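K.L.:
Structure file target_25.tsv (TSV, C-alpha atoms) is given on the next line.
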chain	number	residue	atom	x	y	z
A	1418	MET	CA	-0.82	1.00	-34.02
A	1419	PRO	CA	-1.49	-2.68	-34.68
A	1420	LEU	CA	-3.82	-4.73	-32.51
A	1421	ALA	CA	-1.92	-7.02	-30.12
A	1422	PRO	CA	-2.34	-10.73	-30.98
A	1423	TRP	CA	-4.41	-11.44	-27.83
A	1424	ARG	CA	-7.05	-8.93	-28.92
A	1425	SER	CA	-8.66	-11.38	-31.31
A	1426	PRO	CA	-9.28	-14.25	-28.79
A	1427	LEU	CA	-10.44	-11.67	-26.24
A	1428	ALA	CA	-12.90	-10.11	-28.69
A	1429	HIS	CA	-14.15	-13.60	-29.52
A	1430	ALA	CA	-14.72	-14.38	-25.81
A	1431	LEU	CA	-16.54	-11.08	-25.29
A	1432	HIS	CA	-18.76	-11.80	-28.25
A	1433	ARG	CA	-19.60	-15.35	-27.25
A	1434	ASN	CA	-20.39	-14.29	-23.65
A	1435	ARG	CA	-22.28	-11.13	-24.60
A	1436	ALA	CA	-25.58	-12.43	-23.16
A	1437	LEU	CA	-24.07	-12.20	-19.64
A	1438	PRO	CA	-23.74	-8.56	-18.48
A	1439	TYR	CA	-21.18	-9.66	-15.86
A	1440	ALA	CA	-18.89	-11.03	-18.58
A	1441	ARG	CA	-17.60	-7.44	-18.65
A	1442	TYR	CA	-16.71	-7.54	-14.94
A	1443	VAL	CA	-13.07	-8.29	-14.17
A	1444	GLN	CA	-11.08	-8.53	-10.96
A	1445	LEU	CA	-8.23	-6.06	-10.58
A	1446	ALA	CA	-5.33	-6.87	-8.25
A	1447	THR	CA	-3.12	-4.09	-6.94
A	1448	LEU	CA	-0.66	-3.68	-4.11
A	1449	ARG	CA	-1.41	-2.10	-0.72
A	1450	ALA	CA	1.10	0.16	1.02
A	1451	ASP	CA	1.88	-2.67	3.48
A	1452	ARG	CA	2.70	-5.00	0.53
A	1453	GLN	CA	-0.47	-7.05	0.94
A	1454	PRO	CA	-2.39	-7.55	-2.29
A	1455	ALA	CA	-5.81	-6.00	-2.88
A	1456	ASN	CA	-8.47	-7.31	-5.26
A	1457	ARG	CA	-11.84	-6.01	-6.41
A	1458	THR	CA	-14.31	-6.15	-9.28
A	1459	VAL	CA	-14.22	-3.41	-11.92
A	1460	VAL	CA	-16.18	-2.98	-15.14
A	1461	PHE	CA	-14.39	-3.16	-18.50
A	1462	ARG	CA	-15.22	0.00	-20.51
A	1463	GLY	CA	-13.65	-0.91	-23.84
A	1464	PHE	CA	-10.26	0.03	-25.25
A	1465	LEU	CA	-8.76	3.47	-25.53
A	1466	GLU	CA	-9.09	4.36	-29.20
A	1467	ASN	CA	-6.27	3.09	-31.44
A	1468	THR	CA	-4.42	1.47	-28.54
A	1469	ASN	CA	-4.30	-1.83	-26.64
A	1470	ARG	CA	-5.03	-0.06	-23.34
A	1471	LEU	CA	-8.09	-1.24	-21.41
A	1472	ARG	CA	-10.35	1.40	-19.93
A	1473	PHE	CA	-11.87	1.35	-16.44
A	1474	ILE	CA	-13.14	4.08	-14.14
A	1475	THR	CA	-12.56	4.76	-10.48
A	1476	ASP	CA	-13.15	7.33	-7.77
A	1477	SER	CA	-10.08	9.36	-6.79
A	1478	ARG	CA	-11.06	8.81	-3.13
A	1479	SER	CA	-10.97	5.00	-3.42
A	1480	GLU	CA	-8.15	2.95	-1.93
A	1481	LYS	CA	-7.18	1.61	-5.35
A	1482	ALA	CA	-6.49	5.14	-6.64
A	1483	THR	CA	-3.99	5.64	-3.81
A	1484	GLN	CA	-2.49	2.19	-4.32
A	1485	ILE	CA	-2.04	2.75	-8.05
A	1486	GLN	CA	-0.31	6.09	-7.54
A	1487	ALA	CA	2.22	4.33	-5.28
A	1488	GLN	CA	2.64	1.11	-7.34
A	1489	PRO	CA	1.29	1.37	-10.90
A	1490	TRP	CA	1.29	-2.36	-11.69
A	1491	GLY	CA	-1.83	-4.47	-11.70
A	1492	GLU	CA	-3.18	-7.75	-13.00
A	1493	ILE	CA	-6.76	-8.29	-14.01
A	1494	CYS	CA	-8.32	-11.73	-13.97
A	1495	TRP	CA	-11.17	-12.12	-16.43
A	1496	TYR	CA	-13.26	-15.25	-16.30
A	1497	PHE	CA	-15.81	-15.96	-19.04
A	1498	PRO	CA	-18.45	-18.34	-17.65
A	1499	LYS	CA	-20.12	-19.40	-20.88
A	1500	THR	CA	-16.98	-20.37	-22.80
A	1501	ARG	CA	-15.07	-21.37	-19.64
A	1502	GLU	CA	-11.92	-19.43	-20.38
A	1503	GLN	CA	-9.74	-17.04	-18.42
A	1504	PHE	CA	-7.56	-14.12	-19.41
A	1505	ARG	CA	-4.99	-12.88	-16.93
A	1506	ILE	CA	-3.73	-9.49	-18.07
A	1507	LEU	CA	-0.71	-7.99	-16.34
A	1508	GLY	CA	0.28	-4.43	-17.06
A	1509	GLN	CA	0.97	-0.90	-16.06
A	1510	LEU	CA	-1.84	1.28	-14.74
A	1511	THR	CA	-2.36	4.97	-15.46
A	1512	LEU	CA	-4.75	6.99	-13.36
A	1513	VAL	CA	-6.13	9.92	-15.33
A	1514	THR	CA	-7.23	12.44	-12.69
A	1515	ALA	CA	-8.78	15.87	-13.34
A	1516	ASP	CA	-5.32	17.49	-13.27
A	1517	HIS	CA	-3.53	14.97	-15.48
A	1518	ALA	CA	-0.80	16.45	-17.68
A	1519	ASP	CA	-1.74	14.72	-20.94
A	1520	GLU	CA	-4.36	16.63	-22.96
A	1521	GLU	CA	-5.33	13.58	-25.04
A	1522	LEU	CA	-5.99	11.51	-21.92
A	1523	LEU	CA	-8.02	14.34	-20.37
A	1524	LYS	CA	-10.13	14.32	-23.52
A	1525	ALA	CA	-10.59	10.56	-23.19
A	1526	ARG	CA	-11.60	11.02	-19.54
A	1527	LYS	CA	-14.20	13.59	-20.53
A	1528	MET	CA	-15.58	11.37	-23.28
A	1529	LEU	CA	-16.00	8.39	-20.98
A	1530	TRP	CA	-17.74	10.57	-18.37
A	1531	HIS	CA	-20.14	11.75	-21.05
A	1532	ASP	CA	-20.92	8.17	-22.08
A	1533	LEU	CA	-21.88	7.04	-18.55
A	1534	SER	CA	-25.51	6.85	-17.45
A	1535	ASP	CA	-26.90	9.40	-14.96
A	1536	GLY	CA	-26.70	6.68	-12.33
A	1537	GLY	CA	-23.08	5.94	-13.16
A	1538	ARG	CA	-22.12	9.60	-12.94
A	1539	SER	CA	-24.04	10.11	-9.67
A	1540	GLN	CA	-21.81	7.61	-7.85
A	1541	PHE	CA	-18.96	10.09	-8.06
A	1542	ALA	CA	-21.00	12.53	-5.96
A	1543	TRP	CA	-21.64	9.96	-3.22
A	1544	ALA	CA	-20.24	10.32	0.29
A	1545	TYR	CA	-16.59	9.46	0.91
A	1546	PRO	CA	-16.11	5.72	0.25
A	1547	ARG	CA	-15.26	3.39	3.14
A	1548	GLN	CA	-16.03	6.03	5.78
A	1549	PRO	CA	-18.75	5.30	8.39
A	1550	LYS	CA	-22.07	5.28	6.62
A	1551	THR	CA	-23.83	8.60	6.19
A	1552	GLU	CA	-27.31	9.25	4.90
A	1553	PRO	CA	-27.40	9.92	1.15
A	1554	LEU	CA	-28.18	13.48	0.07
A	1555	GLU	CA	-30.83	14.33	-2.47
A	1556	GLN	CA	-28.95	15.10	-5.65
A	1557	THR	CA	-29.54	16.33	-9.13
A	1558	PRO	CA	-27.64	14.28	-11.73
A	1559	PRO	CA	-24.15	15.67	-12.49
A	1560	ASP	CA	-23.59	17.56	-15.74
A	1561	PRO	CA	-22.70	15.06	-18.53
A	1562	MET	CA	-20.32	17.60	-20.06
A	1563	ILE	CA	-18.23	18.33	-16.94
A	1564	PRO	CA	-16.65	15.38	-15.09
A	1565	LEU	CA	-16.74	15.63	-11.31
A	1566	PRO	CA	-13.25	16.04	-9.79
A	1567	THR	CA	-13.53	12.59	-8.15
A	1568	PHE	CA	-13.93	10.89	-11.55
A	1569	CYS	CA	-10.83	9.11	-12.87
A	1570	LEU	CA	-10.20	7.23	-16.07
A	1571	LEU	CA	-8.04	4.20	-15.32
A	1572	LEU	CA	-5.96	2.64	-18.11
A	1573	LEU	CA	-4.21	-0.71	-18.16
A	1574	GLU	CA	-1.36	-1.12	-20.66
A	1575	PRO	CA	-0.79	-4.89	-20.93
A	1576	THR	CA	2.69	-6.41	-20.97
A	1577	GLN	CA	1.67	-10.07	-20.48
A	1578	VAL	CA	-1.53	-11.98	-21.24
A	1579	ASP	CA	-2.15	-15.54	-20.04
A	1580	HIS	CA	-5.11	-17.17	-21.82
A	1581	LEU	CA	-6.47	-20.44	-20.44
A	1582	GLU	CA	-9.21	-22.46	-22.09
A	1583	LEU	CA	-10.70	-24.90	-19.58
A	1584	ARG	CA	-12.69	-26.77	-22.20
A	1585	GLY	CA	-10.83	-29.77	-23.57
A	1586	THR	CA	-8.62	-32.40	-21.97
A	1587	PRO	CA	-6.05	-31.31	-21.32
A	1588	GLN	CA	-6.76	-27.60	-21.29
A	1589	ASN	CA	-5.17	-25.10	-23.68
A	1590	ARG	CA	-3.00	-22.27	-22.44
A	1591	TYR	CA	-1.38	-19.46	-24.42
A	1592	LEU	CA	1.13	-17.01	-23.04
A	1593	TYR	CA	1.55	-13.65	-24.79
A	1594	SER	CA	4.52	-11.51	-23.77
A	1595	GLN	CA	5.64	-8.14	-24.90
A	1596	GLN	CA	9.25	-7.74	-25.90
A	1597	GLU	CA	11.33	-5.03	-24.31
A	1598	PRO	CA	11.09	-1.51	-25.76
A	1599	PRO	CA	11.77	-0.03	-28.23
A	1600	LEU	CA	10.41	-2.90	-30.32
A	1601	LYS	CA	7.38	-3.77	-28.17
A	1602	ASP	CA	6.41	-6.63	-30.38
A	1603	TRP	CA	4.36	-9.45	-28.93
A	1604	SER	CA	5.39	-13.09	-28.85
A	1605	MET	CA	3.07	-16.03	-28.19
A	1606	GLU	CA	3.88	-19.43	-26.78
A	1607	GLU	CA	1.61	-22.41	-26.17
A	1608	VAL	CA	2.32	-23.73	-22.68
A	1609	ASN	CA	1.16	-26.52	-20.39
A	1610	PRO	CA	-2.00	-25.64	-18.43
B	248	MET	CA	-14.53	-21.98	17.65
B	249	PRO	CA	-17.41	-19.62	16.81
B	250	LEU	CA	-18.34	-18.75	13.24
B	251	ALA	CA	-17.11	-15.31	12.20
B	252	PRO	CA	-19.96	-12.83	11.66
B	253	TRP	CA	-19.37	-12.66	7.87
B	254	ARG	CA	-19.99	-16.40	7.55
B	255	SER	CA	-23.76	-15.95	7.62
B	256	PRO	CA	-24.05	-13.42	4.71
B	257	LEU	CA	-21.52	-15.48	2.73
B	258	ALA	CA	-23.50	-18.71	3.28
B	259	HIS	CA	-26.61	-16.84	2.22
B	260	ALA	CA	-24.95	-15.65	-1.01
B	261	LEU	CA	-23.66	-19.16	-1.78
B	262	HIS	CA	-27.13	-20.56	-1.28
B	263	ARG	CA	-28.92	-17.97	-3.40
B	264	ASN	CA	-26.37	-18.38	-6.24
B	265	ARG	CA	-26.17	-22.17	-6.03
B	266	ALA	CA	-27.65	-22.66	-9.53
B	267	LEU	CA	-24.45	-21.13	-11.02
B	268	PRO	CA	-21.48	-23.53	-10.75
B	269	TYR	CA	-19.11	-20.59	-11.24
B	270	ALA	CA	-20.47	-18.88	-8.12
B	271	ARG	CA	-17.85	-21.01	-6.35
B	272	TYR	CA	-15.04	-19.53	-8.46
B	273	VAL	CA	-13.11	-16.70	-6.83
B	274	GLN	CA	-10.13	-14.61	-7.90
B	275	LEU	CA	-7.05	-14.87	-5.71
B	276	ALA	CA	-4.51	-12.04	-5.70
B	277	THR	CA	-0.97	-12.69	-4.52
B	278	LEU	CA	2.37	-10.92	-4.85
B	279	ARG	CA	5.08	-11.77	-7.40
B	280	ALA	CA	8.76	-11.72	-6.46
B	281	ASP	CA	9.17	-8.46	-8.42
B	282	ARG	CA	6.35	-6.88	-6.33
B	283	GLN	CA	3.86	-6.93	-9.18
B	284	PRO	CA	0.49	-8.40	-8.23
B	285	ALA	CA	-0.78	-11.70	-9.65
B	286	ASN	CA	-4.41	-12.72	-9.99
B	287	ARG	CA	-6.13	-15.95	-11.05
B	288	THR	CA	-9.35	-17.90	-10.62
B	289	VAL	CA	-9.48	-20.66	-8.01
B	290	VAL	CA	-12.35	-22.88	-6.87
B	291	PHE	CA	-13.71	-22.56	-3.34
B	292	ARG	CA	-13.67	-26.01	-1.67
B	293	GLY	CA	-15.56	-25.21	1.53
B	294	PHE	CA	-14.23	-24.40	4.97
B	295	LEU	CA	-11.70	-26.34	7.00
B	296	GLU	CA	-13.77	-28.12	9.64
B	297	ASN	CA	-14.49	-26.06	12.78
B	298	THR	CA	-12.57	-23.04	11.50
B	299	ASN	CA	-13.13	-19.91	9.41
B	300	ARG	CA	-10.36	-20.92	7.00
B	301	LEU	CA	-11.31	-21.23	3.34
B	302	ARG	CA	-10.02	-24.25	1.44
B	303	PHE	CA	-8.55	-24.20	-2.07
B	304	ILE	CA	-6.17	-26.52	-3.88
B	305	THR	CA	-3.10	-25.84	-5.97
B	306	ASP	CA	-0.19	-27.54	-7.69
B	307	SER	CA	3.16	-27.19	-5.91
B	308	ARG	CA	4.74	-26.42	-9.30
B	309	SER	CA	2.45	-23.43	-9.97
B	310	GLU	CA	3.70	-19.86	-9.68
B	311	LYS	CA	1.21	-19.09	-6.93
B	312	ALA	CA	2.71	-21.80	-4.70
B	313	THR	CA	6.11	-20.10	-4.98
B	314	GLN	CA	4.59	-16.66	-4.48
B	315	ILE	CA	2.71	-17.75	-1.36
B	316	GLN	CA	5.80	-19.30	0.21
B	317	ALA	CA	7.57	-15.94	-0.20
B	318	GLN	CA	4.63	-13.65	0.77
B	319	PRO	CA	1.78	-15.47	2.52
B	320	TRP	CA	-0.84	-12.72	2.17
B	321	GLY	CA	-3.63	-12.80	-0.35
B	322	GLU	CA	-6.99	-11.29	-1.11
B	323	ILE	CA	-9.79	-13.11	-2.82
B	324	CYS	CA	-12.49	-11.28	-4.72
B	325	TRP	CA	-15.76	-13.16	-4.88
B	326	TYR	CA	-18.50	-11.82	-7.10
B	327	PHE	CA	-21.98	-13.36	-6.97
B	328	PRO	CA	-23.75	-12.63	-10.27
B	329	LYS	CA	-27.30	-13.52	-9.29
B	330	THR	CA	-27.51	-11.46	-6.10
B	331	ARG	CA	-25.05	-8.82	-7.36
B	332	GLU	CA	-22.83	-8.75	-4.30
B	333	GLN	CA	-19.10	-8.94	-3.73
B	334	PHE	CA	-16.98	-10.27	-0.88
B	335	ARG	CA	-13.36	-9.21	-0.69
B	336	ILE	CA	-11.56	-11.46	1.77
B	337	LEU	CA	-8.04	-10.51	2.85
B	338	GLY	CA	-6.02	-12.95	4.89
B	339	GLN	CA	-3.01	-15.11	5.47
B	340	LEU	CA	-2.38	-18.09	3.23
B	341	THR	CA	-1.04	-21.47	4.29
B	342	LEU	CA	0.25	-23.91	1.72
B	343	VAL	CA	-0.08	-27.49	2.95
B	344	THR	CA	2.49	-29.45	0.95
B	345	ALA	CA	3.21	-33.18	1.25
B	346	ASP	CA	5.93	-32.50	3.83
B	347	HIS	CA	3.98	-30.02	5.97
B	348	ALA	CA	4.79	-30.21	9.70
B	349	ASP	CA	1.22	-30.15	11.01
B	350	GLU	CA	-0.37	-33.62	11.22
B	351	GLU	CA	-3.93	-32.28	11.33
B	352	LEU	CA	-3.41	-30.25	8.18
B	353	LEU	CA	-1.85	-33.25	6.43
B	354	LYS	CA	-4.98	-35.19	7.31
B	355	ALA	CA	-7.11	-32.39	5.86
B	356	ARG	CA	-4.99	-32.44	2.69
B	357	LYS	CA	-5.52	-36.19	2.33
B	358	MET	CA	-9.25	-35.89	2.87
B	359	LEU	CA	-9.65	-33.20	0.21
B	360	TRP	CA	-7.61	-35.27	-2.27
B	361	HIS	CA	-9.92	-38.18	-1.62
B	362	ASP	CA	-12.99	-36.05	-2.25
B	363	LEU	CA	-11.82	-34.86	-5.70
B	364	SER	CA	-13.05	-36.47	-8.90
B	365	ASP	CA	-10.72	-38.68	-10.96
B	366	GLY	CA	-10.42	-35.77	-13.39
B	367	GLY	CA	-9.54	-33.34	-10.62
B	368	ARG	CA	-6.85	-35.65	-9.26
B	369	SER	CA	-5.41	-36.33	-12.73
B	370	GLN	CA	-4.50	-32.66	-13.20
B	371	PHE	CA	-1.78	-33.07	-10.58
B	372	ALA	CA	-0.07	-35.64	-12.85
B	373	TRP	CA	-0.07	-33.29	-15.84
B	374	ALA	CA	3.12	-31.93	-17.37
B	375	TYR	CA	4.89	-29.06	-15.66
B	376	PRO	CA	2.61	-25.99	-15.76
B	377	ARG	CA	3.62	-22.97	-17.85
B	378	GLN	CA	6.45	-24.85	-19.62
B	379	PRO	CA	6.36	-25.17	-23.44
B	380	LYS	CA	3.49	-27.45	-24.34
B	381	THR	CA	4.19	-31.18	-24.35
B	382	GLU	CA	1.94	-33.96	-25.54
B	383	PRO	CA	-0.19	-35.46	-22.76
B	384	LEU	CA	0.74	-38.97	-21.60
B	385	GLU	CA	-1.79	-41.74	-21.28
B	386	GLN	CA	-2.46	-42.07	-17.60
B	387	THR	CA	-4.35	-44.23	-15.18
B	388	PRO	CA	-6.24	-42.15	-12.58
B	389	PRO	CA	-4.16	-41.46	-9.42
B	390	ASP	CA	-4.92	-43.43	-6.26
B	391	PRO	CA	-7.70	-41.63	-4.30
B	392	MET	CA	-6.06	-42.68	-1.02
B	393	ILE	CA	-2.56	-41.31	-1.72
B	394	PRO	CA	-2.20	-37.66	-2.74
B	395	LEU	CA	0.35	-36.98	-5.45
B	396	PRO	CA	3.35	-34.97	-4.19
B	397	THR	CA	2.34	-32.02	-6.38
B	398	PHE	CA	-1.03	-31.71	-4.61
B	399	CYS	CA	-1.32	-28.89	-2.08
B	400	LEU	CA	-4.15	-27.83	0.18
B	401	LEU	CA	-4.28	-24.03	0.31
B	402	LEU	CA	-5.91	-22.30	3.29
B	403	LEU	CA	-6.93	-18.67	3.66
B	404	GLU	CA	-7.34	-17.36	7.21
B	405	PRO	CA	-9.34	-14.12	6.85
B	406	THR	CA	-8.46	-10.98	8.77
B	407	GLN	CA	-10.71	-8.54	6.87
B	408	VAL	CA	-13.91	-9.01	4.88
B	409	ASP	CA	-15.45	-6.26	2.75
B	410	HIS	CA	-19.03	-7.07	1.72
B	411	LEU	CA	-20.66	-4.91	-0.95
B	412	GLU	CA	-24.27	-5.25	-2.06
B	413	LEU	CA	-24.76	-3.56	-5.43
B	414	ARG	CA	-28.54	-3.83	-5.30
B	415	GLY	CA	-30.17	-0.76	-3.83
B	416	THR	CA	-29.47	2.94	-4.17
B	417	PRO	CA	-27.12	3.69	-2.69
B	418	GLN	CA	-25.38	0.37	-2.29
B	419	ASN	CA	-24.73	-1.29	1.09
B	420	ARG	CA	-21.23	-2.01	2.29
B	421	TYR	CA	-20.11	-3.80	5.46
B	422	LEU	CA	-16.55	-3.97	6.68
B	423	TYR	CA	-15.59	-6.82	9.02
B	424	SER	CA	-12.21	-6.61	10.76
B	425	GLN	CA	-10.48	-8.93	13.11
B	426	GLN	CA	-9.04	-7.46	16.28
B	427	GLU	CA	-5.42	-8.06	17.14
B	428	PRO	CA	-4.51	-11.34	18.83
B	429	PRO	CA	-4.95	-12.76	21.41
B	430	LEU	CA	-8.62	-11.76	21.36
B	431	LYS	CA	-9.26	-12.22	17.64
B	432	ASP	CA	-12.80	-11.02	17.92
B	433	TRP	CA	-14.48	-9.57	14.85
B	434	SER	CA	-15.95	-6.10	14.59
B	435	MET	CA	-18.36	-4.93	11.90
B	436	GLU	CA	-18.95	-1.44	10.58
B	437	GLU	CA	-21.38	-0.21	7.96
B	438	VAL	CA	-19.49	2.09	5.57
B	439	ASN	CA	-20.16	4.19	2.49
B	440	PRO	CA	-19.99	2.20	-0.76
Rewrite the structure of this file - the entire thing - as structure tokens.

P.N.:
Amino acid sequence: MPLAPWRSPLAHALHRNRALPYARYVQLATLRADRQPANRTVVFRGFLENTNRLRFITDSRSEKATQIQAQPWGEICWYFPKTREQFRILGQLTLVTADHADEELLKARKMLWHDLSDGGRSQFAWAYPRQPKTEPLEQTPPDPMIPLPTFCLLLLEPTQVDHLELRGTPQNRYLYSQQEPPLKDWSMEEVNP
Amino acid sequence: MPLAPWRSPLAHALHRNRALPYARYVQLATLRADRQPANRTVVFRGFLENTNRLRFITDSRSEKATQIQAQPWGEICWYFPKTREQFRILGQLTLVTADHADEELLKARKMLWHDLSDGGRSQFAWAYPRQPKTEPLEQTPPDPMIPLPTFCLLLLEPTQVDHLELRGTPQNRYLYSQQEPPLKDWSMEEVNP
């Protein structure tokens, strides 16, 4: 499938900010059960091969996993400090748990698990998140070939991308929107900042 | 009124990250009318005097102003790159427009307008945000004593603060929660990351 038109400016921003490790950190907003928004930092893990879906990871025991199962829409806000630009990416979230029905996505989950560091994998063996603090157990690193059941691949399928360049007076702002299925083409409009 | 207990670690983080101008940028999540979350970067403008309410500014014509009027809850996510810590601050939002009923808040709105730079104030005279791009008009800087009608003070009154320190193995996480009114005391619990 073709790359969406916002992929090129995003790749450019990633490249120009590559000296900052936290240029791959984005903030993901989801909805709580009580309709209050939630917001936290997650690490961008590249795109799912041959798609425009962004990859993240999460623990099945985290609040966001529960929130996403109930309301699968999210928006990430991605600020690039060096080039002073922001991408807001709204889309549908898919949580790929150990018992997910799609074989291809299970394969993708396994591959991402394999590519993590020992430290990254170990976090999925930690005590239950957000419960009263318990002492950490001594652990051997999890097997790189077998994802722990708590490990989830999280995918974001964008439907709208709002790109703001703060440099320049006035600023530049581009709005990318996906047309309704079955076409799913993207349109782009330059708008006031 | 007394400072909430999370004010001290937050002040500490602000101080230790003060060399990075973007350490004062936070991501604010709100709710769209269609129940999808929205997320964008806003600049922290300090606390409202003698309160624990965080100050931001926004344009009355922006989508977030409309969203906040309909659903006044928001969560900011604040990542500090140098010290590698995150504050998630959930709370109730108040939009202080030009016709707000509270005299004290109108005074606070006027004071913040006055403290902006000419460039900051000029943005509130720009063309309608998110409409098809129009050519900028030549403008004289707005009067520092008289806020433009589009200028809003935005306040966040926290009810829950989730502080995560990524440094250390395992990480440290502290959850601050406000008790129900009328007491409004804060409790703090150390939880698993």

K.L.:
Kindly indicate which residue among B:Glu322, B:Gln333, B:His361, B:Phe291 lies nearest to A:Tyr1442, using only C-alpha atoms for the distances.

P.N.:
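Of B:Glu322, B:Gln333, B:His361, B:Phe291, the one nearest A:Tyr1442, counting only C-alpha atoms, is B:Gln333.
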
K.L.:
So how many Å separate atom CA of A:Leu1510 and atom CA of A:Leu1448, to one decimal?

P.N.:
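A separation of 11.8 Å between them.
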
K.L.:
Between stretch 1482-1600 of chain A and stretch 399-414 of chain B, at 12 Å or less, what are the per-residue closest atom pairs and their distances in Å? Count only C-alpha atoms, order by chain and rising residue number, and return it as a tab-separated table.

P.N.:
residue	atom	partner	partner_atom	distance
A:Gln1540	CA	B:Leu413	CA	11.8
A:Pro1546	CA	B:Leu411	CA	11.6
A:Arg1547	CA	B:Asp409	CA	9.7

K.L.:
What's around B:Tyr326 at 8 Å? Count all atoms listed in the file, leave out sequence neighbours fewer than 3 positions away in its own chain, and write the answer as JSON, numbers by chain.

P.N.:
{"A": [1458], "B": [270, 273, 331, 332, 333, 334]}

K.L.:
If we count all atoms listed in the file, which residues of chain B reach to within 6 Å of chain A? Please list them as a ChimeraX atom specification.

P.N.:
/B:276-277,283-287,320-322,324,376-380,437-440

K.L.:
Between atom CA of B:Gln386 and atom CA of B:Ala372, what is the distance in Å, rounded to a tenth?

P.N.:
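Those two atoms sit 8.3 Å apart.
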
K.L.:
Env of B:Phe371: 7 Å cut, atoms = only C-alpha atoms, seq-sep filter 5 positions within chain, self excluded. Answer as an mmCIF file with C-alpha atoms, keeping the file's coordinate frame.

P.N.:
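The resulting file, selection15.cif, is shown below:
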data_model
loop_
_atom_site.group_PDB
_atom_site.id
_atom_site.type_symbol
_atom_site.label_atom_id
_atom_site.label_comp_id
_atom_site.auth_asym_id
_atom_site.auth_seq_id
_atom_site.Cartn_x
_atom_site.Cartn_y
_atom_site.Cartn_z
ATOM 1 C CA ASP B 306 -0.190 -27.540 -7.690
ATOM 2 C CA LEU B 395 0.350 -36.980 -5.450
ATOM 3 C CA THR B 397 2.340 -32.020 -6.380
ATOM 4 C CA PHE B 398 -1.030 -31.710 -4.610
#

K.L.:
When you count all atoms listed in the file, which of these residues is closest to A:Gln1486: A:Thr1514, A:Ser1534, A:Ser1425, A:Asn1469?

P.N.:
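Result for the nearest residue to A:Gln1486: A:Thr1514.
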
K.L.:
Hey, which of B:Ala260, B:Glu385, B:Ile393, B:Ser307 ends up closest to B:Met358? Count all atoms listed in the file.

P.N.:
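Nearest candidate to B:Met358 out of B:Ala260, B:Glu385, B:Ile393, B:Ser307: B:Ile393.
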
K.L.:
When you draw a straight line from atom CA of A:Ala1436 to atom CA of B:Arg265, how long is it in Å?

P.N.:
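Taking atom CA of A:Ala1436 and atom CA of B:Arg265, their separation equals 19.7 Å.
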
K.L.:
Take the point (-17.1, -26.6, 16.2) in the file's coordinates, draw a sphere of radius 10 Å around it, and report as a list in words every protein, DNA or RNA residue with an atom inside or on it, counting all atoms listed in the file.

P.N.:
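Those residues lying close to the given coordinates are Met248, Pro249, Leu250, Glu296, Asn297 and Thr298 of chain B.
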
K.L.:
Give the answer as one residue: which of A:Asp1602, A:Asp1532, A:Asp1519, A:Asp1451 has the shortest atom-to-atom distance to A:Ala1487, using all atoms listed in the file?

P.N.:
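Checking each candidate against A:Ala1487, we get A:Asp1451 as the closest.
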
K.L.:
Measuring atom to atom with all atoms listed in the file, identify which of B:Ala251, B:Met435, B:Val290, B:Gly415 is nearest to B:Gly367.

P.N.:
B:Val290
